[in-house]
>>> print(open('work00.tsv').read())   # TSV, C-alpha atoms and all ligand atoms
chain	number	residue	atom	x	y	z
Z	1	MET	CA	97.79	90.78	88.17
Z	2	LYS	CA	95.82	93.73	86.78
Z	3	ILE	CA	95.72	96.87	88.90
Z	4	PRO	CA	93.76	99.92	87.78
Z	5	PHE	CA	94.96	103.42	88.62
Z	6	TYR	CA	91.76	104.00	90.57
Z	7	ARG	CA	88.81	101.95	91.80
Z	8	PRO	CA	85.80	103.75	93.38
Z	9	TYR	CA	84.86	102.90	96.97
Z	10	ILE	CA	81.07	102.84	96.79
Z	11	GLY	CA	78.89	100.46	98.78
Z	12	ASP	CA	75.27	99.40	99.19
Z	13	GLU	CA	74.66	102.35	101.55
Z	14	GLU	CA	75.36	104.87	98.79
Z	15	ILE	CA	73.20	102.93	96.34
Z	16	ALA	CA	70.29	102.80	98.84
Z	17	GLU	CA	70.53	106.55	99.49
Z	18	VAL	CA	70.57	107.34	95.76
Z	19	ILE	CA	67.46	105.19	95.28
Z	20	SER	CA	65.77	107.01	98.14
Z	21	ALA	CA	66.65	110.35	96.51
Z	22	ILE	CA	65.08	109.22	93.24
Z	23	GLN	CA	61.99	107.86	95.01
Z	24	SER	CA	61.56	111.15	96.88
Z	25	ASN	CA	60.89	112.87	93.52
Z	26	TRP	CA	63.57	115.50	94.26
Z	27	LEU	CA	65.76	114.76	91.24
Z	28	SER	CA	67.41	118.16	91.19
Z	29	LYS	CA	68.44	120.36	94.09
Z	30	GLY	CA	66.33	119.68	97.19
Z	31	PRO	CA	66.46	118.72	100.86
Z	32	LYS	CA	69.37	116.25	100.56
Z	33	THR	CA	71.57	118.96	99.05
Z	34	VAL	CA	70.73	121.24	101.98
Z	35	VAL	CA	71.68	118.49	104.46
Z	36	PHE	CA	74.92	117.67	102.62
Z	37	GLU	CA	75.87	121.36	102.43
Z	38	SER	CA	75.49	121.86	106.14
Z	39	GLU	CA	77.11	118.55	107.19
Z	40	PHE	CA	80.06	119.04	104.86
Z	41	ALA	CA	80.64	122.66	105.91
Z	42	LYS	CA	80.52	121.61	109.55
Z	43	SER	CA	83.01	118.78	108.92
Z	44	VAL	CA	85.60	121.28	107.66
Z	45	GLY	CA	84.92	123.84	110.38
Z	46	SER	CA	83.20	126.33	108.11
Z	47	GLU	CA	79.93	128.27	108.43
Z	48	HIS	CA	78.51	127.99	104.93
Z	49	GLY	CA	78.62	125.38	102.18
Z	50	VAL	CA	77.20	125.77	98.69
Z	51	GLY	CA	76.81	122.55	96.70
Z	52	LEU	CA	77.78	122.83	93.03
Z	53	ASN	CA	78.16	120.54	90.04
Z	54	SER	CA	81.98	120.74	90.16
Z	55	CYS	CA	85.02	122.26	91.80
Z	56	THR	CA	85.62	124.09	88.54
Z	57	ALA	CA	82.25	125.83	88.98
Z	58	GLY	CA	83.31	126.71	92.53
Z	59	LEU	CA	86.59	128.26	91.39
Z	60	HIS	CA	84.76	130.25	88.72
Z	61	LEU	CA	82.02	131.57	91.01
Z	62	ALA	CA	84.42	132.25	93.89
Z	63	GLN	CA	86.34	134.68	91.70
Z	64	LEU	CA	83.18	136.30	90.30
Z	65	ALA	CA	81.74	136.70	93.81
Z	66	LEU	CA	84.96	138.47	94.85
Z	67	GLY	CA	84.58	140.85	91.90
Z	68	ILE	CA	87.55	139.52	89.92
Z	69	GLY	CA	87.33	140.51	86.26
Z	70	PRO	CA	89.12	141.96	83.23
Z	71	GLY	CA	92.38	143.74	84.07
Z	72	ASP	CA	92.89	141.75	87.27
Z	73	GLU	CA	95.64	139.24	87.98
Z	74	VAL	CA	95.33	136.06	90.02
Z	75	ILE	CA	98.37	134.20	91.35
Z	76	THR	CA	98.39	130.42	91.27
Z	77	THR	CA	100.64	127.43	90.65
Z	78	PRO	CA	101.57	126.10	87.20
Z	79	TYR	CA	101.55	122.59	88.69
Z	80	THR	CA	97.80	121.97	88.83
Z	81	PHE	CA	94.90	120.65	86.84
Z	82	VAL	CA	94.11	123.12	84.07
Z	83	ALA	CA	90.69	123.97	85.59
Z	84	THR	CA	92.37	126.17	88.20
Z	85	ALA	CA	93.81	128.48	85.54
Z	86	ASN	CA	90.95	128.18	83.03
Z	87	THR	CA	88.52	129.68	85.55
Z	88	ILE	CA	90.78	132.74	85.92
Z	89	ILE	CA	90.55	133.12	82.13
Z	90	HIS	CA	86.74	132.68	82.28
Z	91	CYS	CA	86.59	135.71	84.58
Z	92	GLY	CA	88.55	137.75	82.04
Z	93	ALA	CA	91.51	137.96	84.43
Z	94	LYS	CA	95.13	136.93	83.92
Z	95	PRO	CA	96.69	133.86	85.58
Z	96	VAL	CA	100.13	134.61	87.04
Z	97	PHE	CA	102.01	131.40	87.75
Z	98	VAL	CA	104.48	131.10	90.62
Z	99	ASP	CA	106.89	128.15	90.58
Z	100	ILE	CA	106.66	125.32	93.10
Z	101	ASP	CA	108.71	124.15	96.04
Z	102	PRO	CA	109.98	120.79	94.72
Z	103	LYS	CA	109.78	119.23	98.18
Z	104	THR	CA	105.98	119.52	98.46
Z	105	CYS	CA	105.13	120.39	94.84
Z	106	ASN	CA	102.98	123.24	96.23
Z	107	ILE	CA	103.32	126.91	95.28
Z	108	ASP	CA	106.62	128.28	96.67
Z	109	ALA	CA	105.53	130.88	99.23
Z	110	ASP	CA	108.97	132.55	98.97
Z	111	LEU	CA	108.26	133.49	95.35
Z	112	ILE	CA	104.72	134.87	95.74
Z	113	GLU	CA	105.60	138.42	96.77
Z	114	GLN	CA	107.71	139.16	93.70
Z	115	ALA	CA	104.76	138.19	91.48
Z	116	ILE	CA	102.37	140.69	93.08
Z	117	THR	CA	101.48	143.81	91.07
Z	118	PRO	CA	98.89	146.57	91.64
Z	119	ARG	CA	96.51	144.43	89.53
Z	120	THR	CA	96.78	141.32	91.73
Z	121	LYS	CA	93.46	140.50	93.40
Z	122	ALA	CA	93.76	136.97	94.75
Z	123	ILE	CA	95.95	133.93	95.34
Z	124	ILE	CA	94.71	130.42	94.51
Z	125	PRO	CA	96.87	127.90	96.36
Z	126	VAL	CA	96.40	124.25	95.35
Z	127	HIS	CA	97.07	121.59	97.98
Z	128	TYR	CA	98.89	119.17	95.68
Z	129	GLY	CA	98.05	115.53	96.33
Z	130	GLY	CA	96.41	116.50	99.62
Z	131	TYR	CA	99.45	118.01	101.37
Z	132	PRO	CA	98.67	121.57	102.54
Z	133	CYS	CA	100.34	124.73	101.23
Z	134	GLU	CA	102.12	127.04	103.68
Z	135	MET	CA	98.93	128.80	104.71
Z	136	ASP	CA	100.45	130.96	107.50
Z	137	ARG	CA	102.85	132.54	105.02
Z	138	ILE	CA	100.21	132.86	102.31
Z	139	GLN	CA	97.72	134.46	104.73
Z	140	GLU	CA	100.35	136.90	105.96
Z	141	ILE	CA	101.16	137.96	102.38
Z	142	ALA	CA	97.47	138.19	101.42
Z	143	GLN	CA	96.74	140.36	104.44
Z	144	ARG	CA	99.67	142.68	103.77
Z	145	TYR	CA	98.66	143.26	100.13
Z	146	GLY	CA	94.89	143.09	100.61
Z	147	LEU	CA	94.45	139.96	98.49
Z	148	ALA	CA	91.76	137.32	98.73
Z	149	ILE	CA	92.63	133.63	99.19
Z	150	ILE	CA	90.63	131.09	97.19
Z	151	GLU	CA	91.83	127.57	97.92
Z	152	ASP	CA	91.70	124.89	95.26
Z	153	ALA	CA	91.06	122.03	97.68
Z	154	ALA	CA	90.16	119.47	95.02
Z	155	HIS	CA	92.67	117.09	96.68
Z	156	ALA	CA	92.23	118.32	100.22
Z	157	VAL	CA	89.01	116.91	101.67
Z	158	TYR	CA	90.24	115.78	105.13
Z	159	THR	CA	93.52	117.75	104.96
Z	160	LYS	CA	94.49	119.87	107.95
Z	161	TYR	CA	97.02	122.69	107.99
Z	162	LYS	CA	98.37	122.37	111.54
Z	163	ASP	CA	95.08	122.07	113.50
Z	164	GLN	CA	92.94	123.90	110.96
Z	165	PRO	CA	90.87	121.86	108.51
Z	166	ILE	CA	91.18	122.97	104.89
Z	167	GLY	CA	87.84	124.67	104.29
Z	168	SER	CA	88.14	126.92	107.33
Z	169	ILE	CA	91.15	129.05	106.31
Z	170	GLY	CA	90.85	130.98	103.02
Z	171	ASN	CA	88.09	133.44	102.11
Z	172	ILE	CA	86.58	130.72	99.93
Z	173	THR	CA	87.62	127.06	99.61
Z	174	CYS	CA	86.63	124.94	96.60
Z	175	PHE	CA	86.28	121.17	96.93
Z	176	SER	CA	85.84	118.55	94.20
Z	177	PHE	CA	83.69	115.43	94.46
Z	178	TYR	CA	84.72	114.14	91.04
Z	179	ALA	CA	84.74	110.33	90.60
Z	180	THR	CA	88.39	109.86	91.59
Z	181	LYS	CA	88.53	112.33	94.48
Z	182	ASN	CA	88.69	111.33	98.18
Z	183	LEU	CA	84.93	111.88	98.61
Z	184	THR	CA	82.82	111.47	95.49
Z	185	THR	CA	79.37	112.35	94.23
Z	186	GLY	CA	80.27	111.16	90.70
Z	187	GLU	CA	80.55	114.75	89.56
Z	188	GLY	CA	80.18	117.54	92.06
Z	189	GLY	CA	81.80	120.20	94.17
Z	190	MET	CA	81.27	122.55	97.05
Z	191	ILE	CA	82.53	125.91	98.23
Z	192	THR	CA	82.86	126.67	101.91
Z	193	THR	CA	83.20	130.13	103.40
Z	194	ALA	CA	82.74	131.93	106.72
Z	195	ASP	CA	81.30	134.92	104.82
Z	196	GLU	CA	77.52	134.72	104.51
Z	197	GLU	CA	77.34	137.41	101.85
Z	198	LEU	CA	79.87	135.57	99.62
Z	199	ALA	CA	77.96	132.31	100.13
Z	200	ASN	CA	74.68	133.99	99.08
Z	201	ARG	CA	76.28	135.59	96.04
Z	202	ILE	CA	77.70	132.22	94.94
Z	203	ARG	CA	74.35	130.50	95.54
Z	204	ILE	CA	72.56	133.05	93.34
Z	205	LEU	CA	75.24	132.88	90.62
Z	206	SER	CA	74.95	129.07	90.60
Z	207	LEU	CA	71.24	129.26	89.69
Z	208	HIS	CA	70.97	131.66	86.75
Z	209	GLY	CA	71.42	134.73	88.98
Z	210	MET	CA	67.90	134.22	90.30
Z	211	SER	CA	67.46	136.11	93.54
Z	212	ARG	CA	65.68	134.43	96.43
Z	213	ASN	CA	65.20	137.80	98.09
Z	214	ALA	CA	62.60	138.51	95.46
Z	215	TRP	CA	60.40	135.87	97.08
Z	216	THR	CA	60.30	137.74	100.34
Z	217	ARG	CA	60.24	141.25	98.89
Z	218	TYR	CA	57.46	140.36	96.50
Z	219	ALA	CA	55.75	137.64	98.51
Z	220	ALA	CA	52.47	139.25	97.55
Z	221	LYS	CA	53.16	138.30	93.93
Z	222	GLY	CA	53.34	134.60	94.82
Z	223	ALA	CA	55.90	131.79	95.00
Z	224	TRP	CA	56.35	131.77	91.22
Z	225	TYR	CA	58.08	135.15	91.31
Z	226	TYR	CA	61.85	135.69	91.03
Z	227	GLU	CA	64.20	138.36	89.80
Z	228	VAL	CA	67.46	138.06	87.90
Z	229	GLU	CA	69.98	140.67	88.97
Z	230	GLN	CA	72.87	139.32	86.89
Z	231	ALA	CA	73.41	136.72	84.19
Z	232	GLY	CA	74.26	133.70	86.32
Z	233	PHE	CA	75.18	130.12	85.54
Z	234	LYS	CA	73.66	126.66	85.93
Z	235	TYR	CA	76.08	125.12	88.38
Z	236	ASN	CA	73.87	123.65	91.15
Z	237	MET	CA	74.26	120.26	92.83
Z	238	THR	CA	71.43	117.70	92.61
Z	239	ASP	CA	69.91	115.55	95.37
Z	240	ILE	CA	71.11	112.41	93.60
Z	241	GLN	CA	74.67	113.72	93.96
Z	242	ALA	CA	74.04	114.87	97.54
Z	243	ALA	CA	72.72	111.38	98.42
Z	244	LEU	CA	76.09	109.91	97.44
Z	245	GLY	CA	77.88	112.72	99.26
Z	246	ILE	CA	76.01	112.31	102.55
Z	247	ILE	CA	77.01	108.63	102.80
Z	248	GLN	CA	80.55	109.22	101.52
Z	249	LEU	CA	81.03	111.90	104.18
Z	250	ARG	CA	79.97	109.42	106.88
Z	251	LYS	CA	82.50	106.92	105.48
Z	252	LEU	CA	85.26	109.49	105.06
Z	253	GLU	CA	87.17	108.59	108.22
Z	254	GLU	CA	87.12	104.90	107.23
Z	255	MET	CA	88.19	105.67	103.64
Z	256	GLN	CA	91.00	107.90	104.90
Z	257	MET	CA	92.31	105.18	107.22
Z	258	LEU	CA	92.42	102.83	104.23
Z	259	ARG	CA	94.24	105.48	102.15
Z	260	MET	CA	96.76	105.98	104.94
Z	261	GLN	CA	97.40	102.24	105.16
Z	262	VAL	CA	98.10	102.10	101.42
Z	263	ALA	CA	100.42	105.12	101.64
Z	264	ARG	CA	102.30	103.56	104.55
Z	265	ALA	CA	102.62	100.21	102.74
Z	266	TYR	CA	104.04	101.93	99.64
Z	267	SER	CA	106.43	104.07	101.66
Z	268	GLU	CA	107.76	101.05	103.55
Z	269	ALA	CA	108.05	98.88	100.44
Z	270	LEU	CA	109.87	101.60	98.47
Z	271	ALA	CA	111.92	103.13	101.30
Z	272	ASP	CA	115.21	101.50	100.25
Z	273	CYS	CA	114.91	102.45	96.61
Z	274	GLU	CA	117.36	105.34	96.27
Z	275	GLU	CA	116.44	106.10	92.69
Z	276	ILE	CA	112.96	107.32	93.56
Z	277	ILE	CA	111.70	110.22	95.66
Z	278	LEU	CA	108.60	109.41	97.72
Z	279	PRO	CA	105.82	111.95	98.43
Z	280	HIS	CA	106.52	114.38	101.25
Z	281	ASP	CA	104.71	114.17	104.60
Z	282	SER	CA	105.07	115.85	107.97
Z	283	HIS	CA	103.57	115.34	111.42
Z	284	GLU	CA	102.76	119.04	111.55
Z	285	HIS	CA	99.80	118.63	109.19
Z	286	ARG	CA	97.19	116.03	108.24
Z	287	HIS	CA	97.73	114.67	104.74
Z	288	SER	CA	94.61	113.53	102.85
Z	289	TRP	CA	96.68	111.20	100.64
Z	290	HIS	CA	94.71	111.91	97.48
Z	291	LEU	CA	97.59	110.72	95.31
Z	292	TYR	CA	100.78	108.70	95.63
Z	293	PRO	CA	103.15	110.40	93.16
Z	294	ILE	CA	106.75	109.18	92.98
Z	295	ARG	CA	109.64	110.89	91.19
Z	296	LEU	CA	112.50	109.19	89.38
Z	297	GLU	CA	116.07	110.34	90.03
Z	298	GLU	CA	116.70	110.41	86.30
Z	299	ASP	CA	120.45	111.01	86.50
Z	300	GLN	CA	120.78	107.67	88.32
Z	301	LEU	CA	118.67	105.77	85.79
Z	302	THR	CA	118.83	104.80	82.13
Z	303	ILE	CA	115.04	104.75	81.88
Z	304	SER	CA	112.76	107.75	81.39
Z	305	ARG	CA	109.50	108.41	83.19
Z	306	ASN	CA	107.56	107.67	79.98
Z	307	GLU	CA	109.35	104.31	79.52
Z	308	MET	CA	108.63	103.49	83.15
Z	309	ILE	CA	104.91	104.15	82.57
Z	310	ASP	CA	104.97	101.87	79.49
Z	311	GLN	CA	106.70	99.03	81.34
Z	312	LEU	CA	104.30	99.28	84.29
Z	313	SER	CA	101.41	99.20	81.84
Z	314	GLU	CA	102.82	96.03	80.26
Z	315	ALA	CA	102.82	94.51	83.75
Z	316	GLY	CA	99.11	95.39	84.09
Z	317	ILE	CA	99.63	98.44	86.30
Z	318	GLY	CA	97.70	101.65	85.59
Z	319	THR	CA	99.44	104.95	86.35
Z	320	SER	CA	98.83	108.62	85.70
Z	321	VAL	CA	100.77	111.90	85.60
Z	322	HIS	CA	99.75	114.73	87.92
Z	323	PHE	CA	100.07	117.16	86.27
Z	324	ILE	CA	100.96	118.37	82.81
Z	325	PRO	CA	101.95	121.92	83.88
Z	326	VAL	CA	99.32	124.44	82.80
Z	327	PRO	CA	101.73	126.74	80.88
Z	328	LYS	CA	102.76	123.76	78.70
Z	329	HIS	CA	99.33	123.49	77.06
Z	330	PRO	CA	99.04	125.07	73.59
Z	331	PHE	CA	96.38	127.56	74.73
Z	332	TYR	CA	98.74	128.96	77.39
Z	333	GLN	CA	101.79	128.76	75.11
Z	334	GLU	CA	99.92	130.92	72.61
Z	335	LYS	CA	99.28	133.43	75.39
Z	336	GLY	CA	103.06	133.69	75.83
Z	337	TYR	CA	103.68	131.62	78.96
Z	338	ARG	CA	107.10	129.90	78.93
Z	339	MET	CA	108.15	126.86	80.99
Z	340	GLU	CA	111.65	128.33	81.47
Z	341	GLU	CA	110.06	130.59	84.08
Z	342	TYR	CA	109.00	127.57	86.15
Z	343	PRO	CA	112.14	125.39	86.27
Z	344	GLU	CA	111.15	123.40	89.37
Z	345	THR	CA	107.75	122.58	87.89
Z	346	GLU	CA	109.43	121.43	84.67
Z	347	LYS	CA	111.88	119.19	86.57
Z	348	VAL	CA	109.17	117.59	88.67
Z	349	PHE	CA	106.89	117.07	85.67
Z	350	GLU	CA	109.62	115.28	83.68
Z	351	SER	CA	110.19	112.72	86.44
Z	352	VAL	CA	106.83	112.22	88.16
Z	353	LEU	CA	104.27	109.44	87.94
Z	354	SER	CA	101.32	108.59	90.18
Z	355	LEU	CA	101.06	104.96	91.27
Z	356	PRO	CA	97.70	103.15	91.60
Z	357	PHE	CA	96.15	104.44	94.81
Z	358	PHE	CA	92.67	103.99	96.25
Z	359	PRO	CA	90.97	102.97	99.50
Z	360	GLY	CA	90.64	99.21	99.70
Z	361	MET	CA	93.76	98.54	97.63
Z	362	THR	CA	95.10	95.27	99.07
Z	363	LYS	CA	98.58	94.65	100.47
Z	364	GLU	CA	99.19	92.15	97.63
Z	365	GLU	CA	98.30	94.83	95.09
Z	366	VAL	CA	100.61	97.38	96.75
Z	367	TYR	CA	103.49	94.88	96.93
Z	368	TYR	CA	102.99	93.83	93.33
Z	369	VAL	CA	103.27	97.48	92.22
Z	370	ALA	CA	106.25	98.18	94.51
Z	371	ASP	CA	108.06	95.00	93.40
Z	372	THR	CA	107.45	95.76	89.74
Z	373	VAL	CA	108.75	99.34	90.15
Z	374	GLN	CA	111.86	98.03	91.94
Z	375	SER	CA	112.56	95.34	89.39
Z	376	ILE	CA	112.29	97.85	86.52
Z	377	ILE	CA	114.66	100.17	88.38
Z	378	SER	CA	117.20	97.44	89.15
Z	379	LYS	CA	117.44	96.70	85.42
Z	380	HIS	CA	118.07	100.37	84.59
Z	381	ARG	CA	120.59	101.62	87.16
Z	382	ARG	CA	123.34	103.81	85.75
Z	401	LIG	C1	89.91	117.58	89.95
Z	401	LIG	C2	90.54	118.92	90.08
Z	401	LIG	C3	89.82	120.10	89.79
Z	401	LIG	C4	88.48	120.09	89.13
Z	401	LIG	O1	87.50	119.44	89.86
Z	401	LIG	P1	86.09	119.17	89.15
Z	401	LIG	O2	85.19	118.83	90.30
Z	401	LIG	O3	86.29	118.02	88.22
Z	401	LIG	O4	85.69	120.41	88.46
Z	401	LIG	C5	90.41	121.31	90.07
Z	401	LIG	N1	91.66	121.39	90.56
Z	401	LIG	C6	92.38	120.29	90.82
Z	401	LIG	C7	93.76	120.45	91.40
Z	401	LIG	C8	91.86	119.02	90.55
Z	401	LIG	O5	92.60	117.93	90.78
>>> encode(input="work00.tsv", output="structure tokens")
Amino acid sequence: MKIPFYRPYIGDEEIAEVISAIQSNWLSKGPKTVVFESEFAKSVGSEHGVGLNSCTAGLHLAQLALGIGPGDEVITTPYTFVATANTIIHCGAKPVFVDIDPKTCNIDADLIEQAITPRTKAIIPVHYGGYPCEMDRIQEIAQRYGLAIIEDAAHAVYTKYKDQPIGSIGNITCFSFYATKNLTTGEGGMITTADEELANRIRILSLHGMSRNAWTRYAAKGAWYYEVEQAGFKYNMTDIQAALGIIQLRKLEEMQMLRMQVARAYSEALADCEEIILPHDSHEHRHSWHLYPIRLEEDQLTISRNEMIDQLSEAGIGTSVHFIPVPKHPFYQEKGYRMEEYPETEKVFESVLSLPFFPGMTKEEVYYVADTVQSIISKHRR
């Protein structure tokens, strides 16, 4: 059997909507983007959505819109995709990494306060794998120190913290619609916010800094007129992307049910395997199940995580590692970051691997993966 790490869940409905976008002649940003922005924002309980070409663009513009720049510090987790930290660098600010809670692999809220300095401007929590960070604690800390919260919700479409959908909590939330994410537009992203002024600022920054207000202020000069108030970026979403997004959003509930079934099947099939730690879940929140990462209890095994990946690959099973901790990358090493400061992140990274996981994965596929994992483990018990 050959099982890829990920298989997209795209049907004829998406294809038809993309064709209709192309036939409408709106190839770039147009009416479908406007519809997707408002439907998506509503689905996460937020007032405003701004469609972008990636979550990375969202993280970048969110910080710029909040005035984050040189001399500022932004707190985040070392256990994330490098985009989270790179965007802090793009703003000229300094990423300050706070180690994770190994149970959830999210930023350890107990360690945030000691990382705050007079230069700290914001916290970027990342909801690892789709399980929410401790938002009550993080909000309380942010309020006390006057910090903004920008959520990296690349994994957290559909996630709820208690009863609150992710997208309705922080000052700005950044979603990813990258090919492998829970809801995809191929490439794409969106920010949601309750703050109209922030939404407008991000919209302008996403289109060269061109101000729409100019149209109304200088209506007499005609529809061709615009003004650039700052050097913006080219980060907008297109209607071809939005066409995919509109249909994917309608199918989200169905795709999430399929994800949950796969997660449950894995958890049942691997429950008796003492040498692996399964992903954390709790009834208090709603998990989006973006990933299914397992961890090896290495002191009970004679096989390393890397060898496990190789043996699974030989059995036709694709896996991945989420994530190589940001401070481990040469760019961050050269800036002086040291992994010794993030011992929990290091431990998790050494032992983690993500199993194949996607909506529509069959029971046979799940059992084949689970059986292969168990048979490798049974050959390598200490
Ligand atoms: C995928 C991902 C991003 C980047 O999303 P893009 O839409 O590809 O820019 C950011 N943060 C995390 C945690 C991710 O997994």
>>> residues_around(input="work00.tsv", residues="Tyr9 of chain Z", least_positions_apart="6", cutoff="9 Å", atoms="only C-alpha atoms", output="PyMOL selection string")
chain Z and resi 184+248+255+358-360
>>> residues_near_ligand(input="work00.tsv", ligand="ligand LIG 401 (chain Z)", cutoff="9 Å", atoms="only C-alpha atoms and all ligand atoms", output="ChimeraX atom specification")
/Z:52-59,79-85,126-129,152-155,174-181,187-190,322-323
>>> atom_distance(input="work00.tsv", atom1="atom CA of Ile191 of chain Z", atom2="atom CA of Ser43 of chain Z")
12.9 Å
>>> atom_distance(input="work00.tsv", atom1="atom CA of Glu37 of chain Z", atom2="atom CA of Glu151 of chain Z")
17.7 Å
>>> axis_aligned_box(input="work00.tsv", around="segment 236-249 of chain Z", padding_each_side="6 Å", output="JSON")
{"center_x": 75.5, "center_y": 116.1, "center_z": 97.7, "size_x": 23.1, "size_y": 27.0, "size_z": 25.0}
>>> residues_around(input="work00.tsv", residues="segment 305-308 of chain Z", least_positions_apart="2", cutoff="10 Å", atoms="all atoms listed in the file", output="list of chain:residue names")
Z:Arg295, Z:Leu296, Z:Glu297, Z:Glu298, Z:Leu301, Z:Thr302, Z:Ile303, Z:Asp310, Z:Gln311, Z:Leu312, Z:Ser313, Z:Glu314, Z:Thr319, Z:Val321, Z:Phe349, Z:Glu350, Z:Ser351, Z:Val352, Z:Leu353, Z:Val373, Z:Ile376, Z:Ile377
>>> write_last_selection(input="work00.tsv", atoms="C-alpha atoms", output="JSON list (two decimals), keeping the file's coordinate frame")
[["chain", "number", "residue", "atom", "x", "y", "z"],
["Z", 295, "ARG", "CA", 109.64, 110.89, 91.19],
["Z", 296, "LEU", "CA", 112.50, 109.19, 89.38],
["Z", 297, "GLU", "CA", 116.07, 110.34, 90.03],
["Z", 298, "GLU", "CA", 116.70, 110.41, 86.30],
["Z", 301, "LEU", "CA", 118.67, 105.77, 85.79],
["Z", 302, "THR", "CA", 118.83, 104.80, 82.13],
["Z", 303, "ILE", "CA", 115.04, 104.75, 81.88],
["Z", 310, "ASP", "CA", 104.97, 101.87, 79.49],
["Z", 311, "GLN", "CA", 106.70, 99.03, 81.34],
["Z", 312, "LEU", "CA", 104.30, 99.28, 84.29],
["Z", 313, "SER", "CA", 101.41, 99.20, 81.84],
["Z", 314, "GLU", "CA", 102.82, 96.03, 80.26],
["Z", 319, "THR", "CA", 99.44, 104.95, 86.35],
["Z", 321, "VAL", "CA", 100.77, 111.90, 85.60],
["Z", 349, "PHE", "CA", 106.89, 117.07, 85.67],
["Z", 350, "GLU", "CA", 109.62, 115.28, 83.68],
["Z", 351, "SER", "CA", 110.19, 112.72, 86.44],
["Z", 352, "VAL", "CA", 106.83, 112.22, 88.16],
["Z", 353, "LEU", "CA", 104.27, 109.44, 87.94],
["Z", 373, "VAL", "CA", 108.75, 99.34, 90.15],
["Z", 376, "ILE", "CA", 112.29, 97.85, 86.52],
["Z", 377, "ILE", "CA", 114.66, 100.17, 88.38]]
>>> closest_residue(input="work00.tsv", among="Z:Leu183, Z:Glu253, Z:Val366, Z:Ile240", to="Ser267 of chain Z", atoms="all atoms listed in the file")
Z:Val366
>>> closest_residue(input="work00.tsv", among="Z:Gly51, Z:Gly336, Z:Pro279, Z:Pro4", to="Lys94 of chain Z", atoms="only C-alpha atoms")
Z:Gly336
>>> residues_around(input="work00.tsv", residues="Val50 of chain Z", least_positions_apart="5", cutoff="12 Å", atoms="all atoms listed in the file", output="PyMOL selection string")
chain Z and resi 29+33-41+55+57-58+61-62+172-175+188-196+198-207+235-238+242
>>> residues_around(input="work00.tsv", residues="segment 21-23 of chain Z", least_positions_apart="2", cutoff="8 Å", atoms="all atoms listed in the file", output="list in words")
Glu17, Val18, Ile19, Asn25, Trp26, Leu27, Lys32, Asp239, Ile240 and Ala243 of chain Z
>>> closest_residue(input="work00.tsv", among="Z:Asp272, Z:Asp99, Z:Asp371, Z:Asp108", to="Glu346 of chain Z", atoms="all atoms listed in the file")
Z:Asp99
>>> closest_residue(input="work00.tsv", among="Z:Lys162, Z:Lys234, Z:Lys363, Z:Lys347", to="Arg259 of chain Z", atoms="all atoms listed in the file")
Z:Lys363
